[in-house]
$ cat coords08.pdb   # PDB, C-alpha atoms
ATOM      1  CA  MET A   6     -20.243 -29.732  -4.015
ATOM      2  CA  LYS A   7     -21.572 -27.023  -1.708
ATOM      3  CA  PHE A   8     -18.063 -26.474  -0.321
ATOM      4  CA  LEU A   9     -16.662 -26.042  -3.849
ATOM      5  CA  PHE A  10     -19.357 -23.474  -4.694
ATOM      6  CA  VAL A  11     -18.633 -21.432  -1.556
ATOM      7  CA  PHE A  12     -14.876 -21.590  -2.176
ATOM      8  CA  LEU A  13     -15.251 -20.356  -5.753
ATOM      9  CA  MET A  14     -17.548 -17.552  -4.611
ATOM     10  CA  LEU A  15     -15.024 -16.384  -1.987
ATOM     11  CA  ALA A  16     -12.080 -16.678  -4.372
ATOM     12  CA  SER A  17     -13.946 -14.635  -6.970
ATOM     13  CA  THR A  18     -14.641 -11.878  -4.461
ATOM     14  CA  ALA A  19     -11.027 -11.971  -3.300
ATOM     15  CA  PHE A  20     -10.012 -11.074  -6.860
ATOM     16  CA  ALA A  21     -12.572  -8.297  -7.209
ATOM     17  CA  HIS A  22     -12.051  -4.668  -6.202
ATOM     18  CA  VAL A  23     -13.439  -4.131  -2.736
ATOM     19  CA  ASN A  24     -13.214  -0.549  -1.487
ATOM     20  CA  LEU A  25     -11.160  -1.079   1.648
ATOM     21  CA  THR A  26     -11.022   2.568   2.643
ATOM     22  CA  VAL A  27     -14.371   3.804   3.905
ATOM     23  CA  THR A  28     -16.329   2.525   6.859
ATOM     24  CA  LYS A  29     -18.082   4.634   9.480
ATOM     25  CA  ALA A  30     -14.987   4.501  11.705
ATOM     26  CA  ASN A  31     -13.161   6.860   9.297
ATOM     27  CA  GLU A  32     -15.333   9.758  10.426
ATOM     28  CA  LEU A  33     -13.879   9.638  13.952
ATOM     29  CA  ALA A  34     -10.196  10.123  13.119
ATOM     30  CA  THR A  35      -8.442  13.309  14.276
ATOM     31  CA  GLY A  36      -4.820  12.166  14.657
ATOM     32  CA  VAL A  37      -1.859  14.101  13.254
ATOM     33  CA  LEU A  38       1.449  12.249  12.961
ATOM     34  CA  GLU A  39       4.252  14.539  14.128
ATOM     35  CA  THR A  40       6.998  11.985  14.686
ATOM     36  CA  GLN A  41       7.781   8.338  13.938
ATOM     37  CA  LEU A  42       6.013   6.044  16.429
ATOM     38  CA  ALA A  43       6.919   2.500  17.487
ATOM     39  CA  HIS A  44       3.787   0.462  18.159
ATOM     40  CA  PRO A  45       4.164  -3.319  18.418
ATOM     41  CA  TRP A  46       3.107  -5.418  15.440
ATOM     42  CA  PRO A  47      -0.234  -7.258  15.815
ATOM     43  CA  PHE A  48       1.643 -10.572  15.600
ATOM     44  CA  GLU A  49       4.956 -12.017  14.453
ATOM     45  CA  LEU A  50       4.607 -11.421  10.750
ATOM     46  CA  LEU A  51       5.882 -13.602   7.916
ATOM     47  CA  SER A  52       6.440 -10.694   5.525
ATOM     48  CA  ILE A  53       4.766  -7.640   4.031
ATOM     49  CA  GLY A  54       2.573  -8.675   1.111
ATOM     50  CA  HIS A  55       1.525  -5.167   0.003
ATOM     51  CA  ASN A  56       2.191  -1.641   1.230
ATOM     52  CA  MET A  57      -0.104   1.382   1.037
ATOM     53  CA  GLN A  58       1.183   2.490  -2.383
ATOM     54  CA  SER A  59       0.801  -0.907  -4.017
ATOM     55  CA  TYR A  60      -0.983  -0.823  -7.363
ATOM     56  CA  GLN A  61      -4.038  -3.100  -7.370
ATOM     57  CA  ASN A  62      -6.068  -4.110 -10.416
ATOM     58  CA  TYR A  63      -8.181  -7.249 -10.207
ATOM     59  CA  SER A  64     -11.192  -6.224 -12.276
ATOM     60  CA  GLY A  65     -10.130  -3.437 -14.667
ATOM     61  CA  GLU A  66     -10.384  -0.555 -12.183
ATOM     62  CA  PRO A  67      -6.982   0.216 -10.585
ATOM     63  CA  TYR A  68      -6.751   1.525  -7.027
ATOM     64  CA  TRP A  69      -4.251   2.162  -4.236
ATOM     65  CA  HIS A  70      -3.887  -0.519  -1.587
ATOM     66  CA  ASP A  71      -4.120   2.063   1.293
ATOM     67  CA  GLY A  72      -2.533  -0.018   4.078
ATOM     68  CA  LEU A  73      -0.282  -2.978   4.836
ATOM     69  CA  ASP A  74      -0.933  -6.622   4.061
ATOM     70  CA  ILE A  75       0.745  -8.313   7.007
ATOM     71  CA  ARG A  76       1.214 -11.932   5.958
ATOM     72  CA  SER A  77       0.530 -14.579   8.559
ATOM     73  CA  LYS A  78       0.297 -18.266   9.250
ATOM     74  CA  PRO A  79      -3.211 -19.816   9.116
ATOM     75  CA  ASP A  80      -5.556 -18.773  11.950
ATOM     76  CA  GLN A  81      -3.001 -16.313  13.300
ATOM     77  CA  PRO A  82      -4.181 -14.574  16.516
ATOM     78  CA  ILE A  83      -4.313 -10.774  16.175
ATOM     79  CA  TYR A  84      -3.437  -8.424  19.050
ATOM     80  CA  ALA A  85      -4.190  -4.711  19.206
ATOM     81  CA  ALA A  86      -1.162  -2.639  18.176
ATOM     82  CA  ALA A  87      -2.665   0.329  20.013
ATOM     83  CA  GLY A  88      -5.183   0.568  22.802
ATOM     84  CA  GLY A  89      -8.299   2.688  22.570
ATOM     85  CA  LYS A  90     -12.033   2.743  22.050
ATOM     86  CA  VAL A  91     -13.580   0.008  19.908
ATOM     87  CA  VAL A  92     -15.513   2.020  17.314
ATOM     88  CA  ASN A  93     -16.507  -0.603  14.767
ATOM     89  CA  VAL A  94     -17.103  -4.307  14.319
ATOM     90  CA  GLU A  95     -18.542  -4.723  10.846
ATOM     91  CA  ASN A  96     -18.934  -7.046   7.890
ATOM     92  CA  TYR A  97     -18.127  -4.293   5.384
ATOM     93  CA  VAL A  98     -18.879  -6.556   2.404
ATOM     94  CA  PRO A  99     -22.184  -7.909   3.714
ATOM     95  CA  GLY A 100     -22.485 -11.651   3.417
ATOM     96  CA  ASN A 101     -18.830 -12.287   2.623
ATOM     97  CA  PRO A 102     -16.951 -13.736   5.616
ATOM     98  CA  LEU A 103     -13.559 -12.588   4.283
ATOM     99  CA  TYR A 104     -14.347  -8.950   4.999
ATOM    100  CA  TRP A 105     -14.800  -8.261   8.708
ATOM    101  CA  GLU A 106     -13.358  -5.120  10.275
ATOM    102  CA  ILE A 107     -12.471  -4.269  13.858
ATOM    103  CA  ALA A 108     -11.649  -0.566  14.283
ATOM    104  CA  ILE A 109     -10.051   1.076  17.323
ATOM    105  CA  LEU A 110      -9.757   4.820  17.986
ATOM    106  CA  ASP A 111      -6.545   5.401  19.946
ATOM    107  CA  ASP A 112      -5.859   8.237  22.394
ATOM    108  CA  GLN A 113      -3.978  10.243  19.736
ATOM    109  CA  GLY A 114      -6.977  10.254  17.428
ATOM    110  CA  PHE A 115      -5.860   7.608  14.939
ATOM    111  CA  VAL A 116      -8.323   4.939  13.838
ATOM    112  CA  TRP A 117      -6.718   1.513  13.465
ATOM    113  CA  LYS A 118      -8.672  -0.696  11.061
ATOM    114  CA  TYR A 119      -8.018  -4.439  11.166
ATOM    115  CA  HIS A 120      -9.434  -6.152   8.082
ATOM    116  CA  HIS A 121      -9.907  -9.855   7.316
ATOM    117  CA  VAL A 122     -10.684 -10.996  10.864
ATOM    118  CA  ALA A 123     -12.496 -14.334  11.119
ATOM    119  CA  LYS A 124     -15.966 -13.541  12.476
ATOM    120  CA  ALA A 125     -16.266 -16.633  14.673
ATOM    121  CA  SER A 126     -12.988 -15.779  16.395
ATOM    122  CA  ILE A 127     -13.935 -12.236  17.483
ATOM    123  CA  PRO A 128     -14.139 -12.395  21.307
ATOM    124  CA  ALA A 129     -17.317 -11.511  23.163
ATOM    125  CA  GLU A 130     -15.264  -8.921  25.050
ATOM    126  CA  ILE A 131     -14.577  -7.043  21.804
ATOM    127  CA  GLN A 132     -18.239  -7.166  20.793
ATOM    128  CA  ALA A 133     -19.200  -5.884  24.264
ATOM    129  CA  ALA A 134     -16.607  -3.090  24.143
ATOM    130  CA  TYR A 135     -18.037  -1.962  20.812
ATOM    131  CA  ALA A 136     -21.617  -2.061  22.085
ATOM    132  CA  GLN A 137     -20.666  -0.098  25.212
ATOM    133  CA  GLY A 138     -18.183   2.321  23.609
ATOM    134  CA  ALA A 139     -15.493   0.960  25.936
ATOM    135  CA  LYS A 140     -11.716   0.989  25.627
ATOM    136  CA  ILE A 141      -9.327  -1.930  25.335
ATOM    137  CA  ALA A 142      -5.629  -2.104  26.143
ATOM    138  CA  VAL A 143      -2.735  -2.499  23.734
ATOM    139  CA  GLY A 144      -2.096  -6.208  23.186
ATOM    140  CA  THR A 145      -5.757  -7.188  23.592
ATOM    141  CA  TYR A 146      -6.715 -10.253  21.547
ATOM    142  CA  LEU A 147      -8.993  -9.216  18.652
ATOM    143  CA  GLY A 148      -9.579 -12.527  16.861
ATOM    144  CA  ASN A 149      -7.799 -14.578  14.202
ATOM    145  CA  VAL A 150      -6.798 -13.825  10.623
ATOM    146  CA  VAL A 151      -9.423 -15.326   8.314
ATOM    147  CA  ARG A 152      -8.242 -18.155   6.060
ATOM    148  CA  TRP A 153      -7.696 -16.653   2.603
ATOM    149  CA  PRO A 154      -8.895 -18.769  -0.351
ATOM    150  CA  VAL A 155      -6.240 -17.716  -2.876
ATOM    151  CA  THR A 156      -2.703 -18.956  -3.542
ATOM    152  CA  THR A 157      -0.264 -16.529  -5.148
ATOM    153  CA  HIS A 158       3.406 -17.090  -6.015
ATOM    154  CA  GLY A 159       3.086 -20.566  -4.536
ATOM    155  CA  GLU A 160       1.891 -19.421  -1.102
ATOM    156  CA  VAL A 161      -1.580 -19.154   0.400
ATOM    157  CA  TYR A 162      -2.167 -15.452   1.011
ATOM    158  CA  HIS A 163      -3.356 -15.412   4.635
ATOM    159  CA  HIS A 164      -2.995 -11.807   5.781
ATOM    160  CA  LEU A 165      -4.214  -9.002   7.985
ATOM    161  CA  HIS A 166      -4.930  -5.782   6.119
ATOM    162  CA  LEU A 167      -3.989  -2.977   8.528
ATOM    163  CA  LEU A 168      -5.055   0.591   7.789
ATOM    164  CA  VAL A 169      -4.571   3.746   9.857
ATOM    165  CA  VAL A 170      -6.731   6.848   9.391
ATOM    166  CA  GLY A 171      -5.829  10.323  10.644
ATOM    167  CA  LYS A 172      -7.233  13.842  10.561
ATOM    168  CA  ASP A 173      -9.505  14.743   7.623
ATOM    169  CA  LYS A 174      -9.931  10.996   6.973
ATOM    170  CA  ARG A 175      -6.476  10.889   5.409
ATOM    171  CA  TYR A 176      -4.774   7.512   5.278
ATOM    172  CA  VAL A 177      -1.449   7.398   7.128
ATOM    173  CA  ASN A 178       1.266   4.917   6.189
ATOM    174  CA  PRO A 179       1.066   2.272   8.960
ATOM    175  CA  PHE A 180       4.831   1.745   8.699
ATOM    176  CA  LEU A 181       5.249   5.195  10.282
ATOM    177  CA  LEU A 182       3.454   4.051  13.431
ATOM    178  CA  MET A 183       5.074   0.625  13.853
ATOM    179  CA  MET A 184       8.360  -0.641  15.223
ATOM    180  CA  PRO A 185      10.891  -0.721  12.338
ATOM    181  CA  LEU A 186      11.376  -4.102  10.714
ATOM    182  CA  PRO A 187      14.847  -5.662  10.251
ATOM    183  CA  ASP A 188      15.072  -4.699   6.585
ATOM    184  CA  THR A 189      18.612  -4.185   5.269
ATOM    185  CA  VAL A 190      17.981  -4.693   1.538
ATOM    186  CA  ALA A 191      17.561  -1.575  -0.599
ATOM    187  CA  PRO A 192      14.930  -1.268  -3.333
ATOM    188  CA  VAL A 193      16.029  -2.250  -6.818
ATOM    189  CA  ILE A 194      15.968  -0.101  -9.951
ATOM    190  CA  ASN A 195      15.316  -2.492 -12.816
ATOM    191  CA  GLN A 196      15.072  -0.004 -15.665
ATOM    192  CA  ILE A 197      14.951   3.718 -16.461
ATOM    193  CA  GLY A 198      13.618   4.925 -19.785
ATOM    194  CA  ILE A 199      11.567   7.298 -21.892
ATOM    195  CA  ALA A 200       7.775   7.452 -21.965
ATOM    196  CA  LYS A 201       5.542   8.944 -24.665
ATOM    197  CA  ASN A 202       1.807   9.366 -24.186
ATOM    198  CA  HIS A 203       2.116   7.796 -20.721
ATOM    199  CA  ARG A 204       3.612   4.596 -22.126
ATOM    200  CA  PRO A 205       7.240   3.365 -21.889
ATOM    201  CA  ILE A 206       9.080   3.242 -25.228
ATOM    202  CA  GLN A 207      12.363   1.678 -26.315
ATOM    203  CA  GLY A 208      15.549   3.576 -27.036
ATOM    204  CA  GLN A 209      17.514   6.527 -25.693
ATOM    205  CA  GLN A 210      16.473   9.309 -28.018
ATOM    206  CA  VAL A 211      13.201  11.119 -28.445
ATOM    207  CA  SER A 212      11.600  14.152 -30.032
ATOM    208  CA  GLY A 213       8.684  16.192 -28.774
ATOM    209  CA  PRO A 214       6.936  15.994 -25.391
ATOM    210  CA  HIS A 215       8.048  13.055 -23.272
ATOM    211  CA  SER A 216       8.602  11.954 -19.700
ATOM    212  CA  ILE A 217      11.013   9.673 -17.883
ATOM    213  CA  PHE A 218       9.949   6.528 -16.057
ATOM    214  CA  VAL A 219      11.547   4.123 -13.616
ATOM    215  CA  ASP A 220      10.759   0.450 -13.145
ATOM    216  CA  ALA A 221      11.633  -0.239  -9.501
ATOM    217  CA  SER A 222      10.661  -2.602  -6.709
ATOM    218  CA  ASP A 223      11.249  -3.388  -3.053
ATOM    219  CA  LEU A 224      11.018  -6.486  -0.849
ATOM    220  CA  VAL A 225      10.229  -6.664   2.868
ATOM    221  CA  LEU A 226      11.114 -10.009   4.472
ATOM    222  CA  HIS A 227      10.252 -11.905   1.284
ATOM    223  CA  ARG A 228      11.878 -12.894  -2.024
ATOM    224  CA  THR A 229       8.837 -12.679  -4.297
ATOM    225  CA  PHE A 230       6.183 -10.225  -3.119
ATOM    226  CA  ILE A 231       7.620  -7.078  -4.687
ATOM    227  CA  LEU A 232       6.407  -3.685  -3.468
ATOM    228  CA  PRO A 233       6.693  -0.102  -4.686
ATOM    229  CA  PRO A 234       9.462   1.911  -2.945
ATOM    230  CA  HIS A 235       8.557   4.339  -0.167
ATOM    231  CA  GLN A 236      10.182   7.343  -1.867
ATOM    232  CA  ILE A 237      11.215   8.118  -5.443
ATOM    233  CA  SER A 238      13.399  11.088  -6.370
ATOM    234  CA  TYR A 239      15.785  12.253  -9.108
ATOM    235  CA  ARG A 240      18.447  14.754 -10.122
ATOM    236  CA  LEU A 241      18.105  16.085 -13.666
ATOM    237  CA  ASP A 242      21.274  17.281 -15.409
ATOM    238  CA  ASN A 243      23.151  17.423 -12.070
ATOM    239  CA  GLY A 244      20.515  19.672 -10.536
ATOM    240  CA  PRO A 245      18.988  19.475  -7.050
ATOM    241  CA  GLU A 246      17.212  16.357  -5.809
ATOM    242  CA  VAL A 247      13.502  16.422  -6.621
ATOM    243  CA  ILE A 248      11.194  14.125  -4.652
ATOM    244  CA  VAL A 249       8.516  12.725  -6.955
ATOM    245  CA  TRP A 250       6.527  11.304  -4.047
ATOM    246  CA  ARG A 251       7.089  10.060  -0.501
ATOM    247  CA  PHE A 252       4.376   7.691   0.650
ATOM    248  CA  ASP A 253       3.671   9.028   4.123
ATOM    249  CA  THR A 254       0.164   9.224   2.696
ATOM    250  CA  LEU A 255      -1.492   8.825  -0.705
ATOM    251  CA  PRO A 256      -1.435  11.631  -3.303
ATOM    252  CA  SER A 257      -5.022  12.639  -2.492
ATOM    253  CA  GLY A 258      -4.812  11.321   1.060
ATOM    254  CA  THR A 259      -8.346   9.958   1.181
ATOM    255  CA  ASN A 260      -9.296   8.309  -2.096
ATOM    256  CA  ASP A 261      -8.150   4.888  -3.293
ATOM    257  CA  LYS A 262      -8.337   5.814  -6.990
ATOM    258  CA  ASP A 263      -7.175   9.448  -7.268
ATOM    259  CA  PHE A 264      -3.997   9.781  -9.376
ATOM    260  CA  ILE A 265      -3.421   6.019  -9.607
ATOM    261  CA  ASN A 266      -3.398   6.134 -13.439
ATOM    262  CA  ASP A 267      -1.132   9.195 -13.413
ATOM    263  CA  PHE A 268       1.537   8.044 -10.992
ATOM    264  CA  TYR A 269       1.733   4.610 -12.654
ATOM    265  CA  LEU A 270       2.298   4.296 -16.408
ATOM    266  CA  GLU A 271       0.701   1.824 -18.784
ATOM    267  CA  GLY A 272       2.275  -1.600 -18.404
ATOM    268  CA  THR A 273       1.988  -1.551 -14.615
ATOM    269  CA  CYS A 274       0.231  -4.574 -13.144
ATOM    270  CA  GLY A 275      -0.817  -5.614  -9.653
ATOM    271  CA  ASN A 276      -2.822  -8.756  -9.005
ATOM    272  CA  TYR A 277      -2.335 -12.328  -7.811
ATOM    273  CA  ASN A 278      -0.424 -13.249 -10.987
ATOM    274  CA  CYS A 279       1.527 -10.125 -11.936
ATOM    275  CA  ARG A 280       3.405  -7.367 -10.124
ATOM    276  CA  LYS A 281       5.334  -4.771 -12.132
ATOM    277  CA  PHE A 282       5.566  -1.040 -11.438
ATOM    278  CA  PHE A 283       6.357   1.717 -13.959
ATOM    279  CA  PHE A 284       6.550   5.073 -12.147
ATOM    280  CA  ASN A 285       6.065   8.430 -13.850
ATOM    281  CA  LEU A 286       8.947  10.665 -12.702
ATOM    282  CA  ASN A 287       7.126  13.762 -13.953
ATOM    283  CA  PHE A 288       4.174  13.216 -11.622
ATOM    284  CA  THR A 289       2.880  15.996  -9.384
ATOM    285  CA  THR A 290      -0.624  16.441  -8.022
ATOM    286  CA  ARG A 291      -0.735  19.832  -9.788
ATOM    287  CA  ARG A 292       0.278  18.426 -13.192
ATOM    288  CA  PRO A 293      -0.107  14.654 -12.898
ATOM    289  CA  ARG A 294       0.888  13.915 -16.496
ATOM    290  CA  ALA A 295       3.323  16.740 -17.098
ATOM    291  CA  THR A 296       5.991  16.257 -19.772
ATOM    292  CA  MET A 297       9.551  17.555 -20.030
ATOM    293  CA  ASN A 298      10.477  20.638 -22.021
ATOM    294  CA  LEU A 299      14.191  20.132 -22.579
ATOM    295  CA  ALA A 300      16.569  21.711 -25.064
ATOM    296  CA  PRO A 301      17.839  19.473 -27.877
ATOM    297  CA  GLY A 302      20.960  17.552 -26.969
ATOM    298  CA  GLU A 303      22.236  15.099 -24.357
ATOM    299  CA  HIS A 304      20.579  14.915 -20.938
ATOM    300  CA  GLN A 305      21.095  12.770 -17.887
ATOM    301  CA  ILE A 306      19.063  11.837 -14.860
ATOM    302  CA  GLU A 307      20.022  10.077 -11.652
ATOM    303  CA  VAL A 308      17.082   8.245 -10.085
ATOM    304  CA  MET A 309      16.973   7.346  -6.391
ATOM    305  CA  VAL A 310      14.579   4.937  -4.680
ATOM    306  CA  GLU A 311      14.337   4.525  -0.913
ATOM    307  CA  ASP A 312      12.502   2.200   1.459
ATOM    308  CA  ILE A 313      10.762   3.063   4.734
ATOM    309  CA  VAL A 314      13.887   2.510   6.866
ATOM    310  CA  GLY A 315      16.218   4.523   4.620
ATOM    311  CA  ASN A 316      17.889   1.879   2.416
ATOM    312  CA  ARG A 317      18.538   3.607  -0.911
ATOM    313  CA  SER A 318      19.584   2.731  -4.458
ATOM    314  CA  ALA A 319      20.539   5.048  -7.331
ATOM    315  CA  ARG A 320      21.030   4.610 -11.058
ATOM    316  CA  PRO A 321      21.803   7.023 -13.938
ATOM    317  CA  PHE A 322      20.218   7.256 -17.370
ATOM    318  CA  ARG A 323      21.256   9.297 -20.430
ATOM    319  CA  TRP A 324      19.169  10.194 -23.466
ATOM    320  CA  ARG A 325      19.165  12.571 -26.418
ATOM    321  CA  VAL A 326      16.407  15.037 -27.257
ATOM    322  CA  LEU A 327      16.248  15.585 -31.052
TER     323      LEU A 327
END
$ encode --input "coords08.pdb" --output "structure tokens"
Amino acid sequence: MKFLFVFLMLASTAFAHVNLTVTKANELATGVLETQLAHPWPFELLSIGHNMQSYQNYSGEPYWHDGLDIRSKPDQPIYAAAGGKVVNVENYVPGNPLYWEIAILDDQGFVWKYHHVAKASIPAEIQAAYAQGAKIAVGTYLGNVVRWPVTTHGEVYHHLHLLVVGKDKRYVNPFLLMMPLPDTVAPVINQIGIAKNHRPIQGQQVSGPHSIFVDASDLVLHRTFILPPHQISYRLDNGPEVIVWRFDTLPSGTNDKDFINDFYLEGTCGNYNCRKFFFNLNFTTRRPRATMNLAPGEHQIEVMVEDIVGNRSARPFRWRVL
């Protein structure tokens, strides 16, 4: 009975929004990413369960995922992807064993944050390095991935949540620091359409202010855990390519909620039971819910979606403004 109570408590917290972004280690980051790096992965991963731009909503308050969910086998040993000074060992949700962080400040000024490490597995050497402000080498054993209490899409979701923080506490896409994965499958465009009042509508004609949306998804080493593409762009009426957003970082860089309800339209979902992404092609950080001001008549748009290694898909859409 006690075991069942503890399991339900952990599963409930695993569904809730836990701010994964801010611990004291963030304050130490000074790194600026000037070129693609190629650090080793912390272990031989099963797949990517979420990327930094994934939409998350478990309790009614959407937020950006901020890092990578690197899916693993149970009790997977974790090894440091970069060497450096151990700057944090912390239970950042006090009392909940799912949420332990080990943070390492590398020589380039990036803070690597490893989340969901099993407390009992953290070596004494890592605890001592933290207490003494000492450095560890790349490949150092950090502990094991904690056993996750939730099954999603038929698979138990054991995973390491890896985050990388750079200068001004801005989150950097961890993909940009890691060895490229063998991903040869391009993102998929499922639908392009018209949106009114930040909500997709049916049909291919519209009057008044409106925007265009795309429903698109990507997969990385998995058939089910869909992800948002790395880059979204378009050409309107055969004009130049316009990049809506490229996820080298988040729109605000530092906050896990800023612009989330502007970049994603109503109908988007992201939890253990539902993943669907409607992207607002009119999004900018200056005018996050801007609408189109087009002359009456026929218009066309070509939408492009691209993953982190450059696989790209494109699809056209035509509509009439009345």
$ resolve_selection --input "coords08.pdb" --expression "the PyMOL selection byres ((chain A and resi 230) around 8)" --output "PyMOL selection string"
chain A and resi 53-55+158+224+227-229+231-232
$ atom_distance --input "coords08.pdb" --atom1 "CA of Thr259 (chain A)" --atom2 "CA of Lys174 (chain A)"
6.1 Å
$ closest_residue --input "coords08.pdb" --among "A:Ser238, A:Asn149, A:Thr254, A:Asn260" --to "Phe288 (chain A)" --atoms "all atoms listed in the file"
A:Ser238
$ residues_near_point --input "coords08.pdb" --point "(0.0, 1.5, -5.4)" --cutoff "9 Å" --atoms "all atoms listed in the file" --output "JSON, numbers by chain"
{"A": [55, 56, 57, 58, 59, 60, 61, 67, 68, 69, 70, 71, 232, 233, 255, 265, 268, 269, 275, 282]}
$ atom_distance --input "coords08.pdb" --atom1 "CA of Asn96 (chain A)" --atom2 "CA of His120 (chain A)"
9.5 Å
$ residues_around --input "coords08.pdb" --residues "Thr189 (chain A)" --least-positions-apart "3" --cutoff "12 Å" --atoms "all atoms listed in the file" --output "number ranges by chain"
A: 185-186, 192, 223-226, 311-318
$ residues_around --input "coords08.pdb" --residues "Leu110 (chain A)" --least-positions-apart "4" --cutoff "9 Å" --atoms "only C-alpha atoms" --output "MDAnalysis selection string"
chainID A and resid 30 33:34 87:92 114:118 140
$ closest_residue --input "coords08.pdb" --among "A:Glu66, A:Glu106, A:Asp267, A:Asp261" --to "Thr296 (chain A)" --atoms "all atoms listed in the file"
A:Asp267
$ resolve_selection --input "coords08.pdb" --expression "the PyMOL selection byres ((chain A and resi 325) around 10)" --output "list in words"
Gly208, Gln209, Gln210, Val211, Ser212, Leu299, Ala300, Pro301, Gly302, Glu303, His304, Gln305, Arg323, Trp324, Val326 and Leu327 of chain A
$ atom_distance --input "coords08.pdb" --atom1 "CA of Arg291 (chain A)" --atom2 "CA of Pro256 (chain A)"
10.5 Å
$ resolve_selection --input "coords08.pdb" --expression "the PyMOL selection byres ((chain A and resi 193-198) around 6)" --output "PyMOL selection string"
chain A and resi 192+199+217-222
$ decode --input "coords08.pdb" --residues "region 106-138 of chain A" --atoms "C-alpha atoms" --output "short mmCIF file (atom, residue, chain, number, x, y, z; two decimals), in the first residue's frame"
data_model
loop_
_atom_site.label_atom_id
_atom_site.label_comp_id
_atom_site.auth_asym_id
_atom_site.auth_seq_id
_atom_site.Cartn_x
_atom_site.Cartn_y
_atom_site.Cartn_z
CA GLU A 106 20.45 17.82 -11.04
CA ILE A 107 24.18 17.56 -11.63
CA ALA A 108 25.57 20.69 -13.32
CA ILE A 109 29.03 21.09 -14.87
CA LEU A 110 30.63 24.35 -16.03
CA ASP A 111 32.88 23.55 -18.99
CA ASP A 112 36.00 25.45 -20.05
CA GLN A 113 34.06 27.39 -22.72
CA GLY A 114 31.64 28.76 -20.16
CA PHE A 115 28.64 26.53 -20.88
CA VAL A 116 26.75 24.99 -17.98
CA TRP A 117 25.63 21.42 -18.68
CA LYS A 118 22.62 20.45 -16.56
CA TYR A 119 21.83 16.75 -16.21
CA HIS A 120 18.32 16.24 -14.82
CA HIS A 121 16.62 13.09 -13.51
CA VAL A 122 19.71 11.45 -12.01
CA ALA A 123 19.00 8.79 -9.38
CA LYS A 124 20.28 10.21 -6.08
CA ALA A 125 21.60 6.91 -4.71
CA SER A 126 23.70 6.40 -7.84
CA ILE A 127 25.58 9.73 -7.70
CA PRO A 128 29.22 8.78 -6.96
CA ALA A 129 31.02 10.08 -3.90
CA GLU A 130 33.63 11.50 -6.28
CA ILE A 131 31.01 13.79 -7.85
CA GLN A 132 29.77 14.93 -4.45
CA ALA A 133 33.38 15.62 -3.40
CA ALA A 134 34.13 17.52 -6.62
CA TYR A 135 31.11 19.72 -5.98
CA ALA A 136 32.08 20.35 -2.36
CA GLN A 137 35.65 21.22 -3.36
CA GLY A 138 34.88 23.13 -6.57
#
